[in-house]
Each structure stands twice: as C-alpha cells, then as structure tokens.
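What follows is a single structure, written as structure tokens, with notes after it.
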Amino acid sequence: MKFFLFTIISFLYSLFLFNPRSNKINSLVPIDSTKTVTLCFVGDLMCHSPQTEYAKIANDSFDFKPAFREIKKYLSSADLTFGNLETTISGKEKKYSGYPLFNSPDEYLEAVKDAGFDILFTSNNHSLDRSKNGIIRTISKIHELGMIPIGTYQSQQEKDSVFIIERNGIQISVLSYTYGLNGNYLPESEKYLVNVIDTNLVKADIEKAKNRNTDFIIIYFHFGNEYQRKPGNYQKEIVQSAIRNGADIIIGSHPHVIQPVELLNSTANKAGKVLVAYSLGNFISNQRWRYSDAGVILNLTLVKNFMNSHIGIQDVNFIPTWVFKGKVETKNEFVVLTADTNSISNFTKYLSKKDKSAIFQANDDTRRMMQSILENYPRN
C-alpha cells in the first residue's frame with residue numbers, strides 16, 4: 001500500500017514539473033539561469049580652458065571632482081560606465097590647453113574615475129593633439145587609475161587583441177574607431193596608435209570577437225557632422241556596414257549634440273536587433289549654446305539565458321543632462337546636472353531664471369530626440 005501511494009504521488013509530482021501549461025519555473029531549471037548586466041553610456045568628456053581655470057585650486061593643482069558631484073550616483077550604479085575622453089592627458093610640461101589642441105591635467109582623469117567611469121573611448125579627432133607621446137601617456141594614466149582605454153594602443157599586438165570584458169557571466173567585446181585625426185596622419189609603422197574607421201578593419205575585428213564567443217559586441221564610432229541633429233549619410237553607411245557584420249550595440253559621438261537612438265533589425269547577430277545611438281552629445285564642455293550644453297545618460301540592461309543562450313537588450317532608459325556654468329557660493333564652477341524638471345528644485349542654489357529655462361528646454365529637446373527609442377521601450 002505504501003509503495004502504491006508513493007507511486008501515485010511521484011506520478012502527480014512529475015505531471016506538475018513537466019506540465020506545459022504551468023507558468024511556474026520547475027525545479028529542473030536553475031533559478032539563476034538568466035543573468036543581466038547594466039551599462040551606462042555618455043557622450044563627450046571635454047575639457048576646454050575655462051573648465052581647467054575653474055578647477056584650479058593652487059599652482060599646478062586642480063580639482064574637477066565637483067563637476068560630477070550631482071550626477072555621480074547615476075554613473076556609479078551601473079555594472080559598466082562608458083564615455084568618450086575627448087582630450088589628452090599629456091602632462092603639465094606640454095602646457096594645459098583646450099581647443100584646438102587639448103591637454104588636460106591628470107586631476108581631470110582622476111575626477112572621471114571618481115565619477116564612476118570604467119571604460120573610456122580614446123579614438124577621436126583629438127587623440128593625436130599632443131603627438132604619439134600624448135597618446136601613450138594618456139593610455140598609461142587611464143590604466144594607472146584602473147580604467148580601460150579603447151581605441152588607442154601602445155603596440156600593434158595590443159591593437160590586434162580584441163578587448164573582451166566579463167560581467168555576471170556575460171562576455172562583452174568593445175571596439176572603438178574615429179573618422180579621422182583633424183587632418184593629421186600616422187606613418188604606416190605607427191598606425192596601431194589610433195583606430196581610424198575602415199570598414200574592412202571593423203569587419204575583421206568583429207570576426208575576432210565572434211571567434212572568441214562574445215555575447216555582445218559594442219562598437220563606438222566617433223563620426224558625423226558637428227552640431228547636426230540628424231545623422232548624415234556617412235554615419236548611416238558606417239552603421240549599416242557594422243550591422244551587416246554582426247554588431248549588437250553602436251554608440252556614437254562627435255557632433256556635440258544629441259542625435260536619435262534607434263532599434264534596427266539585424267540578420268547577422270544573435271539578438272536580431274541592434275541599438276544605435278548616433279550621437280550622445282556633450283556630457284561636459286564649455287559649449288554654452290542650445291543643444292550643445294545638453295547631454296544624455298543612456299542606460300541599457302543586457303540579458304542572457306544560459307539555458308538556451310538567448311541574449312538581448314532587456315531594457316533601455318535615459319536621463320537628460322545639462323551643464324551649469326557659474327558661481328556656486330563663492331566659487332565659479334562647472335556642474336553636470338540632471339535636466340529632469342522634477343529634480344530642478346534640488347539645484348535652486350545654483351540656478352538663475354535663465355538657467356532654469358535652459359534646463360527645461362534641454363529636457364524637452366532630449367525627450368523629443370529620444371522619442372524613437374521610447375516607442376520600443378515605453379517605460380520612460
């Protein structure tokens with residue numbers, strides 16, 4: 001009788017476990033079979049001369065950390081945070097300067113690290129502003145602070161080794177390229193220093209990443225027409241080429257204004273979709289006019305199911321930002337603020353009536369520009 005009851009119970013239990021109509025995950029599927037990783041992207045981290053002047057606290061001593069104090073919590077909460085370092089860290093003996101030949105104090109990079117950045121795109125039109133030595137020193141300083149530079153390299157071997165980082169069991173490859181170097185050219189023997197956009201090179205790098213079983217391939221392109229709010233034909237062509245070759249996420253900057261974020265179809269990657277942000281605008285700069293004084297924090301949640309290897313972008317959200325320039329108490333400062341109108345009351349100590357109007361405008365401009373991605377991820 002006991003054996004009969006045991007048999008019946010076992011049979012009913014097995015029906016529950018394998019009942020295809022059940023909405024519950026049965027005990028044969030590991031609870032942690034699905035993993036996620038959160039990514040945070042911003043646009044251009046610039047350092048014009050007024051930013052250096054405002055950060056000066058003594059001779060040859062600077063503090064840029066206050067510029068990020070109001071935004072730091074949003075950057076540091078992600079598993080990985082990315083930005084475009086659009087300056088060199090070439091040393092004080094090379095003289096600090098802004099546009100057109102950028103060289104910023106080491107403290108600028110320290111503030112970027114303190115703000116929560118993990119990976120810096122270093123291939124842009126200002127990479128070569130202070131020659132080869134500037135590139136090498138910038139790379140070294142980024143490494144010293146525990147961050148990772150992508151797009152400039154100290155050797156051919158380093159350039160040929162596609163970078164892959166793992167978080168929560170998810171493998172992410174990161175690639176970075178620039179349209180050019182402000183008319184400067186590297187000799188053939190030193191072309192490894194900066195990745196310049198070449199569709200054949202991009203294709204080859206994507207293939208390397210695929211061969212290493214990367215889950216997601218992120219590509220950064222420094223491209224487009226400055227101050228144009230829509231992507232040009234060149235941007236679209238480069239993006240489509242990368243999509244055909246298997247890119248998963250494409251992030252861009254250089255126009256110094258925000259351009260649209262789109263979700264495009266792909267037949268060459270695992271997810272079947274590619275998120276493209278043509279330009280994330282300026283995150284911090286001294287460009288004070290409408291559209292260029294605004295930026296955006298783009299947050300992505302990537303997901304992977306380890307049972308069936310399904311991957312994709314689970315969620316997208318964003319935070320509009322705006323750069324304040326002016327006096328805070330007794331000191332002139334640059335401060336990156338959220339441009340969310342609900343948060344404006346937190347910054348009343350900084351803001352004039354004109355500032356508040358600019359923040360409202362930045363918030364509205366950014367949300368209008370991001371409308372296309374909201375159609376796919378409507379929770380914002």
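So you can find residues: chains in the structure tokens are A, B, ... in the order shown, residues in each start at 1, and ligands are numbered from 1 in order.
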Discussion item. With DSSP run on the backbone, what are the strand (DSSP E) residues within stretch 179-375 of chain A? I'd like them as a VMD selection string.
Written reply: chain A and resid 216 to 222 249 to 253 261 to 265 273 to 277 282 to 284 294 to 305 311 to 328 331 to 338
With C-alpha atoms kept, could you save the residues just selected as a PDB file, in the first residue's frame?
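Result file follows (again25.pdb):
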ATOM      1  CA  PHE A 216      27.606  41.224 -27.154  1.00  0.00           C
ATOM      2  CA  ILE A 217      29.742  43.360 -29.474  1.00  0.00           C
ATOM      3  CA  ILE A 218      29.726  47.089 -28.675  1.00  0.00           C
ATOM      4  CA  ILE A 219      31.166  49.484 -31.252  1.00  0.00           C
ATOM      5  CA  TYR A 220      31.917  53.153 -30.663  1.00  0.00           C
ATOM      6  CA  PHE A 221      32.206  55.424 -33.705  1.00  0.00           C
ATOM      7  CA  HIS A 222      33.484  58.984 -33.472  1.00  0.00           C
ATOM      8  CA  ILE A 249      25.236  47.935 -29.927  1.00  0.00           C
ATOM      9  CA  ILE A 250      26.574  51.017 -31.724  1.00  0.00           C
ATOM     10  CA  ILE A 251      27.337  54.200 -29.791  1.00  0.00           C
ATOM     11  CA  GLY A 252      28.453  57.411 -31.462  1.00  0.00           C
ATOM     12  CA  SER A 253      29.604  60.931 -30.754  1.00  0.00           C
ATOM     13  CA  VAL A 261      18.654  56.461 -30.769  1.00  0.00           C
ATOM     14  CA  GLU A 262      17.142  53.681 -32.884  1.00  0.00           C
ATOM     15  CA  LEU A 263      16.494  49.960 -32.679  1.00  0.00           C
ATOM     16  CA  LEU A 264      17.324  48.403 -36.047  1.00  0.00           C
ATOM     17  CA  ASN A 265      16.883  44.876 -37.380  1.00  0.00           C
ATOM     18  CA  LYS A 273      18.212  43.742 -33.176  1.00  0.00           C
ATOM     19  CA  VAL A 274      20.874  46.444 -32.933  1.00  0.00           C
ATOM     20  CA  LEU A 275      20.616  49.523 -30.747  1.00  0.00           C
ATOM     21  CA  VAL A 276      22.181  52.545 -32.452  1.00  0.00           C
ATOM     22  CA  ALA A 277      22.846  55.860 -30.691  1.00  0.00           C
ATOM     23  CA  ASN A 282      28.337  66.580 -24.839  1.00  0.00           C
ATOM     24  CA  PHE A 283      28.392  65.259 -21.304  1.00  0.00           C
ATOM     25  CA  ILE A 284      30.593  68.131 -20.113  1.00  0.00           C
ATOM     26  CA  ALA A 294      22.867  69.266 -23.070  1.00  0.00           C
ATOM     27  CA  GLY A 295      23.682  65.570 -22.963  1.00  0.00           C
ATOM     28  CA  VAL A 296      22.117  62.263 -22.054  1.00  0.00           C
ATOM     29  CA  ILE A 297      22.912  59.266 -19.887  1.00  0.00           C
ATOM     30  CA  LEU A 298      21.842  56.166 -21.818  1.00  0.00           C
ATOM     31  CA  ASN A 299      21.259  53.086 -19.669  1.00  0.00           C
ATOM     32  CA  LEU A 300      20.947  49.581 -21.109  1.00  0.00           C
ATOM     33  CA  THR A 301      20.212  46.271 -19.420  1.00  0.00           C
ATOM     34  CA  LEU A 302      21.575  43.264 -21.310  1.00  0.00           C
ATOM     35  CA  VAL A 303      20.201  39.812 -20.607  1.00  0.00           C
ATOM     36  CA  LYS A 304      21.397  36.281 -21.318  1.00  0.00           C
ATOM     37  CA  ASN A 305      19.575  32.995 -20.708  1.00  0.00           C
ATOM     38  CA  ILE A 311      20.513  37.195 -25.490  1.00  0.00           C
ATOM     39  CA  GLY A 312      19.061  40.635 -25.964  1.00  0.00           C
ATOM     40  CA  ILE A 313      18.518  44.126 -24.615  1.00  0.00           C
ATOM     41  CA  GLN A 314      16.001  43.810 -21.810  1.00  0.00           C
ATOM     42  CA  ASP A 315      15.567  47.485 -21.020  1.00  0.00           C
ATOM     43  CA  VAL A 316      16.571  50.969 -22.165  1.00  0.00           C
ATOM     44  CA  ASN A 317      16.178  54.170 -20.193  1.00  0.00           C
ATOM     45  CA  PHE A 318      17.824  57.560 -20.204  1.00  0.00           C
ATOM     46  CA  ILE A 319      18.442  60.662 -18.114  1.00  0.00           C
ATOM     47  CA  PRO A 320      18.678  64.092 -19.808  1.00  0.00           C
ATOM     48  CA  THR A 321      21.566  66.241 -18.526  1.00  0.00           C
ATOM     49  CA  TRP A 322      22.596  69.875 -18.709  1.00  0.00           C
ATOM     50  CA  VAL A 323      25.860  71.644 -17.864  1.00  0.00           C
ATOM     51  CA  PHE A 324      25.740  74.511 -15.400  1.00  0.00           C
ATOM     52  CA  LYS A 325      28.471  77.169 -15.575  1.00  0.00           C
ATOM     53  CA  GLY A 326      28.543  79.893 -12.965  1.00  0.00           C
ATOM     54  CA  LYS A 327      29.095  80.797  -9.349  1.00  0.00           C
ATOM     55  CA  VAL A 328      28.232  78.372  -6.562  1.00  0.00           C
ATOM     56  CA  LYS A 331      33.490  79.831  -6.485  1.00  0.00           C
ATOM     57  CA  ASN A 332      32.975  79.579 -10.222  1.00  0.00           C
ATOM     58  CA  GLU A 333      32.141  76.019 -11.231  1.00  0.00           C
ATOM     59  CA  PHE A 334      31.010  73.718 -13.992  1.00  0.00           C
ATOM     60  CA  VAL A 335      28.437  71.193 -12.702  1.00  0.00           C
ATOM     61  CA  VAL A 336      26.657  68.484 -14.680  1.00  0.00           C
ATOM     62  CA  LEU A 337      23.002  68.396 -13.613  1.00  0.00           C
ATOM     63  CA  THR A 338      20.075  66.175 -14.459  1.00  0.00           C
TER      64      THR A 338
END
Next on the checklist: Need to verify the contact set: stretch 116-132 of chain A, 7 Å, only C-alpha atoms, exclusion of same-chain residues closer than 4 positions in sequence. Can you return it as a VMD selection string?
Outcome noted: chain A and resid 72 75 to 76 80 to 88 90 101 to 102 112 136 147 to 152 176 to 178 180 to 182 194 to 195 222
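Summary of the local environment: counting only C-alpha atoms, residues at most 9 Å from A:Gly98, other than itself and those fewer than 5 positions away along its chain, are Met46, Cys47, His48, Ser49, Pro50, Gln51, Thr52, Thr87, Asn103 and Ser104 of chain A.
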Report task. Could you give me, as a VMD selection string, each residue of stretch 125-365 of chain A that DSSP assigns to alpha helix (DSSP H) when run on this structure's backbone? Result -> chain A and resid 131 to 144 156 to 160 199 to 211 233 to 245 353 to 365
Kindly provide the residues of stretch 17-121 of chain A that approach stretch 342-358 of chain A to within 12 Å, each paired with its closest atom pair and their distance in Å to one decimal, based on only C-alpha atoms, listed by chain and increasing number, as CSV.
residue,atom,partner,partner_atom,distance
A:Arg69,CA,A:Phe347,CA,11.9
A:Glu70,CA,A:Phe347,CA,9.1
A:Ile71,CA,A:Ser343,CA,11.6
Selected residues written out, N, CA and C atoms, as an mmCIF file, in the first residue's frame:
data_model
loop_
_atom_site.group_PDB
_atom_site.id
_atom_site.type_symbol
_atom_site.label_atom_id
_atom_site.label_comp_id
_atom_site.auth_asym_id
_atom_site.auth_seq_id
_atom_site.Cartn_x
_atom_site.Cartn_y
_atom_site.Cartn_z
ATOM 1 N N ARG A 69 29.555 65.969 -9.071
ATOM 2 C CA ARG A 69 29.002 65.565 -7.773
ATOM 3 C C ARG A 69 27.503 65.302 -7.822
ATOM 4 N N GLU A 70 26.769 66.022 -8.671
ATOM 5 C CA GLU A 70 25.321 65.855 -8.708
ATOM 6 C C GLU A 70 24.886 64.689 -9.598
ATOM 7 N N ILE A 71 25.799 64.176 -10.383
ATOM 8 C CA ILE A 71 25.458 63.152 -11.368
ATOM 9 C C ILE A 71 26.140 61.820 -11.077
#
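The interatomic distance for the pair atom CA of A:Phe62 and atom CA of A:Lys113 works out to 14.8 Å.
One distance worth recording is that between atom CA of A:Glu166 and atom CA of A:Leu201, which is 23.6 Å.
The space separating atom CA of A:Lys35 from atom CA of A:Glu207 comes to 24.7 Å.
Proximity ranking of A:Asp205, A:Glu107, A:Glu226, A:Glu53 relative to A:Ile164 places A:Asp205 first, based on only C-alpha atoms.
The shortest atom-to-atom distance to A:Val42, with only C-alpha atoms taken into account, belongs to A:His256 out of A:His256, A:Arg137, A:Arg229, A:Arg212.
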